[in-house]
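**Q** Please find one structure pasted underneath; my questions will follow.
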Amino acid sequence: MTETMDYTPEEKPKNKEGFSIGSIVLLGSIVVAAVIVGIALMRQNQVQPTGGRAPEFGFTTFDGETFELEDFRGQVVVLNFWASWCGPCAYEAPDLQYLWEEYEDDGVVFIGIAYADNGPNSLAFLERYGITYYNAPDVGTYISELYRIEGVPETFVIDQNGDIVEFFLAPVDELQLTAVIDPLLEGGSQ
Amino acid sequence: MRLKIVLLSILIALLATLPALAQDTPPIDPDVDTSGITDDQVNAIANQLYCPVCENIPLDTCGTLACEDWRQEIRAMLAGGMSEEAIIDNFVRRFGDRVVSSPRDPFISAMSIITPWLVALFAAGFAIVHVMKWNQSRSETPVADSGKDKNSTENNRNSYMEQLEKDLAGK
Amino acid sequence: MLAEVGYLSLIIAFGISLYAIVAAFIGERNHTESMVRSARNAVLVAFGMVTVSTGALLYALMVEDYTISYVWSVTSPSMPEFYRATALWGSQEGSLLFWSFLMAAFAAAAVVLNWKSHRRLMPGVIVYTMAVLAFFLGVSIWVENPFVRWWLDSGAPEGQQVLQAVFQPAGTVQPTATRLAETANGLNPLLRHFGMAIHPPMLYLGFVGFLIPFAFAMAALASGDLSTNWIKASRRWTLTSWLFLSLGLMLGGRWAYDVLGWGGYWAWDPVENAALLPWLVGTAFLHSVMIQEKRGMLKAWNMALVLGTFSAVIFGTFATRSGLVESVHSFARSGIGVPMFLFWFGVTFISTAMALWRYNQGMLKDEHEFKSLFSRETLFVVNNVVFLAIFFAVFWWSFGAPIVSELFFNKVVTYGEAHFNQYLWPLLLALYVLMGIAPLSAWGYTSVKRFGKAILIPVILSVVSLGVFFMMGMTDVLSLVGYWIVLLAGWVAIYETYRGFMARQKIHNENPLQTVAALLQRNPRRYGGYLIHLGVTIIGIGIIGSTVYQAETQQTLETGESLEIGGYTLTYHRLDTGLVSSDGRIIDRATLTLSRNGREIDVISPRRDFFPESEMNTMTIADAHSSLENDFYVLLVGWEEISTQRATFKVYINPLINLVWWGGIVLIVGTLAASWPHAILPVRVRETMRKGREQ
């Protein structure tokens with residue numbers, strides 16, 4: 001079925017040179033929107049940092065002491081994300097405490113960050129495993145966002161200069177950690 | 001000068017207490033008796049909260065261990081006599097704005113509500129201006145309509161008919 | 001064998017689509033008919049090749065060829081055949097290939113069906129459809145290849161022994177068939193539901209379908225033919241795509257209701273919203289084109305809407321597949337985000353630039369002016385403004401605000417269901433108000449008197465029918481106002497249809513069915529439109545009832561114990577555990593009886609399904625007693641251990657919820673009616689009718 005064409009011959013269109021201001025603004029806003037979405041996409045695709053300067057953050061422990069990460073510059077920092085409802089975290093907790101006691105005077109600091117978990121269960125968890133190293137609730141889930149963790153447990157090892165040297169996606173054990181910490185201590189004493 | 005010193009010291013004192021405020025673990029007794037609290041009471045609060053572990057699922061339907069933990073905490077808080085407001089405030093303080101379904105931060109909240117209305121107003125205004133412009137151009141050129149041949153033929157035909165009527169009437 | 005066939009045909013299709021673009025472009029430039037014809041044939045061949053490729057993957061799924069990684073990841077030996085077939089769109093690679101298949105099919109159909117009637121626009125249509133197809137084929141070839149296979153390299157270091165490639169790398173062997181079969185993943189349990197099986201194809205048909213109006217619009221911009229030709233050409237395609245998109249959205253809601261177990265059907269989750277956004281713009285477009293066809297107005301706006309609809313489609317699929325925002329629907333993180341983002345930007349920027357180019361040349365000027373403020377044109381403009389407002393609000397709270405908040409204020413925020421429900425309802429109600437008023441207004445000018453007379457009876461009818469809700473106990477004032485507005489829109493549609501029916505019956509002596517058929521033939525879009533509006537009204541009533549008046553409770557019951565809610569009594573009888581179904585899942589099923597006023601009315605059996613071989617291994621499936629009045633919806637809850645002595649149940653009473661589904665069916669029928677072929681009237685009659693409308 002051929003539909004009749006409704007084409008009305010227009011008068012010769014007055015050809016404006018270039019685009020009007022409104023058009024430029026419209027195109028410009030598309031670019032701006034795209035840039036914003038693009039940046040968001042980049043950030044979303046970023047995973048946990050495995051190198052470079054460790055992101056700065058402040059924290060207040062369950063005991064009420066306040067620190068910044070940079071307060072520990074010059075020491076090796078083991079940053080461990082955990083939660084009381086996380087089974088594997090319970091699995092690695094004894095190893096972490098043991099190593100803390102071993103390394104306490106050697107210039108190694110252990111920091112535990114409780115992810116989405118800072119109620120009485122967290123305190124019970126710390127008590128159950130006799131954890132004595134610094135532990136802080138992640139208020140506002142800020143630190144977890146900063147390190148882009150996907151779940152718990154995740155552990156980062158930061159050297160004396162404040163750079164991340166290792167990232168463990170899974171529960172860690174004694175062997176894995178000592179393999180990373182010892183070289184740092186030897187190198188740092190030079 | 002003395003006033004300044006006093007004010008400054010008050011400010012410092014306040015700031016010094018902030019960390020303690022921020023670090024507010026809930027004032028609940030872990031051994032409190034929760035048997036009187038019904039699931040419905042817990043759910044009434046839980047369905048207003050979102051746990052970061054589950055992606056975009058409200059706390060009352062989420063099945064992870066983290067969510068179970070949170071719901072138990074809510075139960076204990078209710079048993080301890082905390083109000084709904086206080087419980088939600090507490091969770092927001094500890095975990096951030098993301099745990100509620102509308103951001104609490106006044107600035108972000110304003111931005112998110114106002115922006116769509118602003119855009120809608122802008123669109124409506126744009127439409128109104130356009131319609132008015134059309135209306136105006138119509139009243140300025142009363143014999144308006146685009147120069148379509150059909151219409152001018154129509155006018156011609158009408159005037160011809162008029163002429164014809166006049167002639168016939170005159171007869 | 002299958003992998004090679006599938007992969008190679010994909011590559012050939014890609015090459016041919018590129019050829020089609022070049023041939024169509026050159027043929028149009030130099031006015032060489034043979035080149036344009038060649039381009040057309042290329043479109044058909046590309047379709048053939050993509051069909052072969054998709055067929056190969058489908059065949060591999062059915063015969064359980066686990067050497068192909070995709071087959072291995074979405075099927076397993078215990079899956080029934082039906083789900084093996086639907087696994088074609090069960091995961092990223094397969095669903096992208098399926099998407100390309102539909103796209104190629106639509107392009108081929110558009111070229112064949114519209115060749116004679118819109119020959120002038122064809123080269124442009126070919127160029128733009130093939131360009132989009134080439135992009136998606138390219139993604140399938142280079143980023144998300146469904147035909148890679150598993151290979152074992154025993155010589156490689158530990159942890160790097162398993163490789164994926166289409167063709168066998170040197171020094172590798174294929175894993176044994178039995179090893180593959182026993183480790184195969186199986187389809188995500190959430191997708192093993194009939195609704196989920198059909199929801200993606202419907203949604204994709206809707207999305208992909210909008211490519212054709214887009215291509216016609218772009219062809220119009222490129223060729224300079226900016227009359228209503230491109231709109232007329234794409235009218236059927238727009239309606240068809242809109243139909244599938246509406247169907248897809250409703251099926252998604254139904255699936256969520258049946259399987260996800262939270263008692264609702266739409267959570268305003270970002271990915272759900274990503275599919276809703278094109279629907280909003282598309283519906284605005286459907287209405288707005290009528291103004292252009294009848295009055296030659298709003299040309300620039302219609303162009304913006306059709307380009308915007310397609311841009312929203314691409315954005316939607318980009319946001320869903322790339323994990324841009326947090327959602328239950330997220331696909332796994334993959335490399336697809338960046339290419340899709342760049343494609344979305346390219347499509348949006350180029351199409352907008354072309355439209356602005358023509359606009360600045362003055363070629364999108366309107367032919368008529370608004371004659372009066374109270375006319376159908378004005379109301380359609382208001383309709384568009386409201387749709388745009390809803391569109392932007394949904395976009396802002398799903399994507400815009402969370403992204404801006406996180407990037408510029410370093411704060412992660414959530415916009416949950418409560419937020420959307422709280423702030424969107426005025427706009428949605430405004431749409432219903434327009435639905436009630438606009439059909440009674442005339443093109444050009446409506447006298448208040450005429451309008452008052454026309455609306456009187458529907459107003460009376462709607463107030464009277466409010467009584468039904470009163471009797472059901474729904475007495476909240478705000479909801480009654482909402483019901484009234486929604487009912488008014490419905491009664492207007494019914495009444496106008498009735499008037500048309502009676503008017504015709506007076507003149508012609510025919511039986512009622514003939515009259516109905518004649519009405520549809522003479523004016524399918526009007527009467528189909530009324531039916532669609534009626535469907536939307538029914539859905540609206542269902543939404544108000546099930547949202548405002550939903551009741552819920554959760555209790556733990558011992559065997560023999562009952563709970564009471566809303567006048568019903570639910571008694572827990574027993575739990576059967578460890579039942580094994582034919583597809584390998586293990587089921588715990590509870591049996592409860594539902595009574596009302598002492599009389600037993602139904603047996604309800606909610607279950608928990610456990611899938612031993614899959615990662616997301618537990619699914620809670622509700623059971624409900626459904627009636628017009630409500631759904632009595634029961635879930636097995638796992639807060640505490642479920643034992644045969646006691647179990648926890650969550651109960652929802654969702655009043656009027658089944659109206660949502662039945663209203664959807666009415667909407668579908670209405671859309672089919674609106675697509676009815678227009679009866680061909682003699683030119684003389686049409687002229688008279690047109691003059692009559694313009695007065």
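Labels used: A, B, ... for chains in the order of the structure tokens, numbers from 1 for residues in each chain, and numbers from 1 for ligands as shown.
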List the spatial neighbours of Met42 (chain A) as a list in words - criterion: any atom at most 9 Å away, only C-alpha atoms, same-chain residues fewer than 5 positions off excluded.
**A**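 Once the nearby chain positions are removed, what remains is Val37 of chain A; Gly337 and Val338 of chain C.
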**Q** Name the residues in contact with region 162-170 of chain A at a cut-off of 10 Å, using only C-alpha atoms, excluding same-chain residues fewer than 2 positions from it; report them as number ranges by chain.
**A** A: 48-56, 69-70, 72-80, 88-89, 92, 149-160, 172-173, 176-177, 180-181, 184
**Q** Using DSSP secondary structure from the backbone, list all alpha helix (DSSP H) positions within chain A, as an NGL selection string.
**A** :A and (21-45 or 87-103 or 120-128 or 142-146 or 174-188)
**Q** What separation in Å, quoted to one decimal, exists between CA of Leu324 (chain C) and CA of Met340 (chain C)?
**A**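 Straight-line distance from CA of Leu324 (chain C) to CA of Met340 (chain C) works out to 11.4 Å.
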**Q** Quote the spacing between CA of Asn654 (chain C) and CA of His193 (chain C) in Å to one decimal place.
**A**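 Rounded to one decimal, the two atoms are 21.8 Å apart.
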**Q** Using only C-alpha atoms, which protein or nucleic acid residues come within 7 Å of region 130-142 of chain A? Drop anything in the same chain fewer than 2 positions from it, and give the result as a PDB file with N, CA and C atoms, in the first residue's frame.
**A**
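That gives us out.pdb:
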```
ATOM      1  N   PHE A  59      40.318   7.288  62.302  1.00  0.00           N
ATOM      2  CA  PHE A  59      39.416   6.337  62.950  1.00  0.00           C
ATOM      3  C   PHE A  59      39.473   6.486  64.456  1.00  0.00           C
ATOM      4  N   THR A  60      38.397   6.076  65.087  1.00  0.00           N
ATOM      5  CA  THR A  60      38.320   6.076  66.553  1.00  0.00           C
ATOM      6  C   THR A  60      38.028   4.654  67.002  1.00  0.00           C
ATOM      7  N   THR A  61      38.934   4.118  67.809  1.00  0.00           N
ATOM      8  CA  THR A  61      38.787   2.714  68.185  1.00  0.00           C
ATOM      9  C   THR A  61      37.603   2.498  69.108  1.00  0.00           C
ATOM     10  N   PHE A  62      37.270   1.236  69.305  1.00  0.00           N
ATOM     11  CA  PHE A  62      36.190   0.887  70.208  1.00  0.00           C
ATOM     12  C   PHE A  62      36.488   1.355  71.630  1.00  0.00           C
ATOM     13  N   GLN A  97      45.892 -12.086  65.710  1.00  0.00           N
ATOM     14  CA  GLN A  97      46.232 -11.719  67.076  1.00  0.00           C
ATOM     15  C   GLN A  97      47.623 -12.241  67.434  1.00  0.00           C
ATOM     16  N   TRP A 100      50.219 -10.148  65.826  1.00  0.00           N
ATOM     17  CA  TRP A 100      50.314  -8.842  66.476  1.00  0.00           C
ATOM     18  C   TRP A 100      51.205  -8.944  67.705  1.00  0.00           C
ATOM     19  N   PHE A 110      48.830  -3.413  63.741  1.00  0.00           N
ATOM     20  CA  PHE A 110      47.650  -4.061  63.164  1.00  0.00           C
ATOM     21  C   PHE A 110      46.440  -3.162  63.415  1.00  0.00           C
ATOM     22  N   ILE A 111      45.690  -2.917  62.373  1.00  0.00           N
ATOM     23  CA  ILE A 111      44.450  -2.142  62.521  1.00  0.00           C
ATOM     24  C   ILE A 111      43.299  -2.951  61.942  1.00  0.00           C
ATOM     25  N   GLY A 112      42.296  -3.157  62.771  1.00  0.00           N
ATOM     26  CA  GLY A 112      41.109  -3.859  62.285  1.00  0.00           C
ATOM     27  C   GLY A 112      39.961  -2.881  62.074  1.00  0.00           C
ATOM     28  N   ILE A 113      39.293  -2.987  60.950  1.00  0.00           N
ATOM     29  CA  ILE A 113      38.146  -2.117  60.695  1.00  0.00           C
ATOM     30  C   ILE A 113      36.905  -2.989  60.580  1.00  0.00           C
ATOM     31  N   ALA A 114      35.921  -2.699  61.437  1.00  0.00           N
ATOM     32  CA  ALA A 114      34.690  -3.484  61.424  1.00  0.00           C
ATOM     33  C   ALA A 114      33.759  -2.935  60.353  1.00  0.00           C
ATOM     34  N   TYR A 115      33.442  -3.757  59.364  1.00  0.00           N
ATOM     35  CA  TYR A 115      32.638  -3.316  58.227  1.00  0.00           C
ATOM     36  C   TYR A 115      31.158  -3.582  58.483  1.00  0.00           C
ATOM     37  N   ALA A 116      30.338  -2.563  58.374  1.00  0.00           N
ATOM     38  CA  ALA A 116      28.883  -2.686  58.531  1.00  0.00           C
ATOM     39  C   ALA A 116      28.538  -3.414  59.821  1.00  0.00           C
ATOM     40  N   ASP A 117      29.319  -3.152  60.852  1.00  0.00           N
ATOM     41  CA  ASP A 117      29.177  -3.974  62.042  1.00  0.00           C
ATOM     42  C   ASP A 117      29.812  -3.269  63.219  1.00  0.00           C
ATOM     43  N   ASN A 118      29.037  -2.542  64.001  1.00  0.00           N
ATOM     44  CA  ASN A 118      29.676  -1.974  65.186  1.00  0.00           C
ATOM     45  C   ASN A 118      28.741  -1.993  66.370  1.00  0.00           C
ATOM     46  N   LEU A 126      35.562  -9.447  69.349  1.00  0.00           N
ATOM     47  CA  LEU A 126      36.917  -9.076  69.792  1.00  0.00           C
ATOM     48  C   LEU A 126      37.272  -9.776  71.090  1.00  0.00           C
ATOM     49  N   GLU A 127      36.288  -9.889  71.949  1.00  0.00           N
ATOM     50  CA  GLU A 127      36.541 -10.541  73.226  1.00  0.00           C
ATOM     51  C   GLU A 127      36.800 -12.018  73.035  1.00  0.00           C
ATOM     52  N   ARG A 128      35.987 -12.624  72.168  1.00  0.00           N
ATOM     53  CA  ARG A 128      36.099 -14.064  71.972  1.00  0.00           C
ATOM     54  C   ARG A 128      37.479 -14.453  71.494  1.00  0.00           C
ATOM     55  N   SER A 144      35.582   1.679  54.246  1.00  0.00           N
ATOM     56  CA  SER A 144      35.351   0.559  53.338  1.00  0.00           C
ATOM     57  C   SER A 144      35.163   1.059  51.909  1.00  0.00           C
ATOM     58  N   GLU A 145      34.450   2.176  51.765  1.00  0.00           N
ATOM     59  CA  GLU A 145      34.275   2.764  50.445  1.00  0.00           C
ATOM     60  C   GLU A 145      35.629   3.197  49.886  1.00  0.00           C
ATOM     61  N   LEU A 146      36.433   3.792  50.759  1.00  0.00           N
ATOM     62  CA  LEU A 146      37.733   4.317  50.339  1.00  0.00           C
ATOM     63  C   LEU A 146      38.606   3.214  49.760  1.00  0.00           C
TER      64      LEU A 146
ATOM     65  N   ARG B  93      23.824   7.208  62.119  1.00  0.00           N
ATOM     66  CA  ARG B  93      25.057   7.740  62.693  1.00  0.00           C
ATOM     67  C   ARG B  93      26.199   6.762  62.540  1.00  0.00           C
ATOM     68  N   ARG B  94      25.889   5.477  62.688  1.00  0.00           N
ATOM     69  CA  ARG B  94      26.963   4.491  62.657  1.00  0.00           C
ATOM     70  C   ARG B  94      27.365   4.084  61.250  1.00  0.00           C
ATOM     71  N   PHE B  95      26.425   4.097  60.323  1.00  0.00           N
ATOM     72  CA  PHE B  95      26.741   3.538  59.012  1.00  0.00           C
ATOM     73  C   PHE B  95      26.566   4.512  57.861  1.00  0.00           C
ATOM     74  N   GLY B  96      26.100   5.684  58.149  1.00  0.00           N
ATOM     75  CA  GLY B  96      26.002   6.662  57.070  1.00  0.00           C
ATOM     76  C   GLY B  96      24.594   6.792  56.510  1.00  0.00           C
TER      77      GLY B  96
END
```
**Q** Which distance in Å separates CA of Ile114 (chain B) and CA of Pro426 (chain C), to one decimal?
**A**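 Between these atoms lies a distance of 14.8 Å.
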**Q** With only C-alpha atoms considered, list every residue of chain C at most 8 Å from chain A, as a list of chain:residue names.
**A**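 Close to chain A, chain C has C:Lys116, C:Ser117, C:Asp225, C:Ser227, C:Thr228, C:Asn229, C:Ser322, C:Gly323, C:Leu324, C:Val325, C:Arg333, C:Gly337, C:Val338, C:Phe341, C:Phe345, C:Thr348, C:Phe349, C:Thr352, C:Ala353, C:Leu356, C:Trp357, C:Asn360, C:Gln361, C:Gly362, C:Met363, C:Ile403, C:Val404, C:Leu407.
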**Q** Env of region 121-126 of chain B: 10 Å cut, atoms = only C-alpha atoms, seq-sep filter 6 positions within chain, self excluded. Answer as number ranges by chain.
**A** B: 115, 132; C: 381-382, 384-386, 388-389
**Q** Considering only C-alpha atoms, can you say which of C:Trp425, C:Trp491, C:Trp268, C:Phe318 comes closest to Pro58 (chain B)?
**A** C:Trp268
**Q** Taking into account only C-alpha atoms, which residue in the set C:Val313, C:Met218, C:Ala454, C:Ala418 is nearest to Met354 (chain C)?
**A** C:Met218
**Q** For Leu563 (chain C), find every residue with an atom within 12 Å (counting only C-alpha atoms), except residues of its own chain fewer than 4 positions away, and show them as a compact mmCIF listing (two decimals) with N, CA and C atoms, in the first residue's frame.
**A**
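The result, stored in around.txt:
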```txt
# COMPACT_ATOMS: atom_id res chain seq x y z
N GLU C 552 0.57 -6.45 56.45
CA GLU C 552 1.54 -7.54 56.55
C GLU C 552 1.76 -7.95 58.00
N THR C 553 2.23 -9.16 58.16
CA THR C 553 2.61 -9.61 59.49
C THR C 553 3.60 -10.76 59.34
N GLN C 554 4.41 -10.95 60.37
CA GLN C 554 5.34 -12.06 60.36
C GLN C 554 5.29 -12.74 61.71
N GLN C 555 5.07 -14.05 61.70
CA GLN C 555 4.98 -14.75 62.98
C GLN C 555 5.55 -16.15 62.85
N THR C 556 6.01 -16.65 63.97
CA THR C 556 6.48 -18.03 64.02
C THR C 556 5.36 -18.91 64.54
N LEU C 557 5.07 -19.97 63.82
CA LEU C 557 3.96 -20.82 64.21
C LEU C 557 4.43 -22.24 64.49
N GLU C 558 3.87 -22.82 65.52
CA GLU C 558 4.09 -24.25 65.75
C GLU C 558 3.06 -25.01 64.92
N THR C 559 3.32 -26.29 64.73
CA THR C 559 2.35 -27.07 63.95
C THR C 559 1.00 -27.01 64.64
N GLY C 567 -9.08 -10.43 59.15
CA GLY C 567 -10.29 -11.26 59.10
C GLY C 567 -10.03 -12.67 58.60
N TYR C 568 -8.78 -12.96 58.25
CA TYR C 568 -8.44 -14.32 57.80
C TYR C 568 -7.75 -15.09 58.92
N THR C 569 -7.81 -16.40 58.83
CA THR C 569 -7.06 -17.25 59.76
C THR C 569 -6.18 -18.18 58.95
N LEU C 570 -4.89 -18.20 59.30
CA LEU C 570 -3.95 -19.06 58.58
C LEU C 570 -3.41 -20.09 59.56
N THR C 571 -3.57 -21.36 59.25
CA THR C 571 -3.14 -22.41 60.16
C THR C 571 -2.02 -23.23 59.54
N TYR C 572 -0.97 -23.43 60.33
CA TYR C 572 0.19 -24.17 59.84
C TYR C 572 0.00 -25.65 60.14
N LEU C 592 -0.26 -24.94 54.60
CA LEU C 592 -1.11 -24.19 55.52
C LEU C 592 -2.52 -24.10 54.94
N THR C 593 -3.50 -23.92 55.81
CA THR C 593 -4.85 -23.70 55.30
C THR C 593 -5.31 -22.30 55.66
N LEU C 594 -6.06 -21.74 54.74
CA LEU C 594 -6.56 -20.38 54.91
C LEU C 594 -8.06 -20.44 55.12
N SER C 595 -8.52 -19.76 56.17
CA SER C 595 -9.95 -19.73 56.44
C SER C 595 -10.43 -18.31 56.61
N ARG C 596 -11.71 -18.15 56.35
CA ARG C 596 -12.32 -16.84 56.56
C ARG C 596 -13.72 -17.06 57.09
N VAL C 634 1.80 -15.73 51.10
CA VAL C 634 2.52 -16.29 52.24
C VAL C 634 3.93 -16.72 51.84
N THR C 648 8.64 -19.94 60.54
CA THR C 648 8.24 -18.52 60.51
C THR C 648 7.65 -18.20 59.16
N PHE C 649 6.54 -17.46 59.19
CA PHE C 649 5.86 -17.11 57.95
C PHE C 649 5.68 -15.61 57.87
N LYS C 650 5.85 -15.10 56.67
CA LYS C 650 5.53 -13.69 56.42
C LYS C 650 4.29 -13.67 55.55
N VAL C 651 3.31 -12.90 55.96
CA VAL C 651 2.04 -12.84 55.23
C VAL C 651 1.80 -11.42 54.74
```
**Q** Which residue is closest to chain C? Choose from B:Ser101, B:Gln41, B:Ser109, B:Asn90 and count only C-alpha atoms.
**A** B:Ser101
**Q** Which residues are close to region 59-76 of chain C, i.e. within 9 Å by only C-alpha atoms, leaving aside same-chain residues fewer than 4 positions away? Reply as a PyMOL selection string.
**A** chain C and resi 2-3+54-55+81+83-85+87-88+90-91+93-94+145-151+164+166+174-177+180-188+613
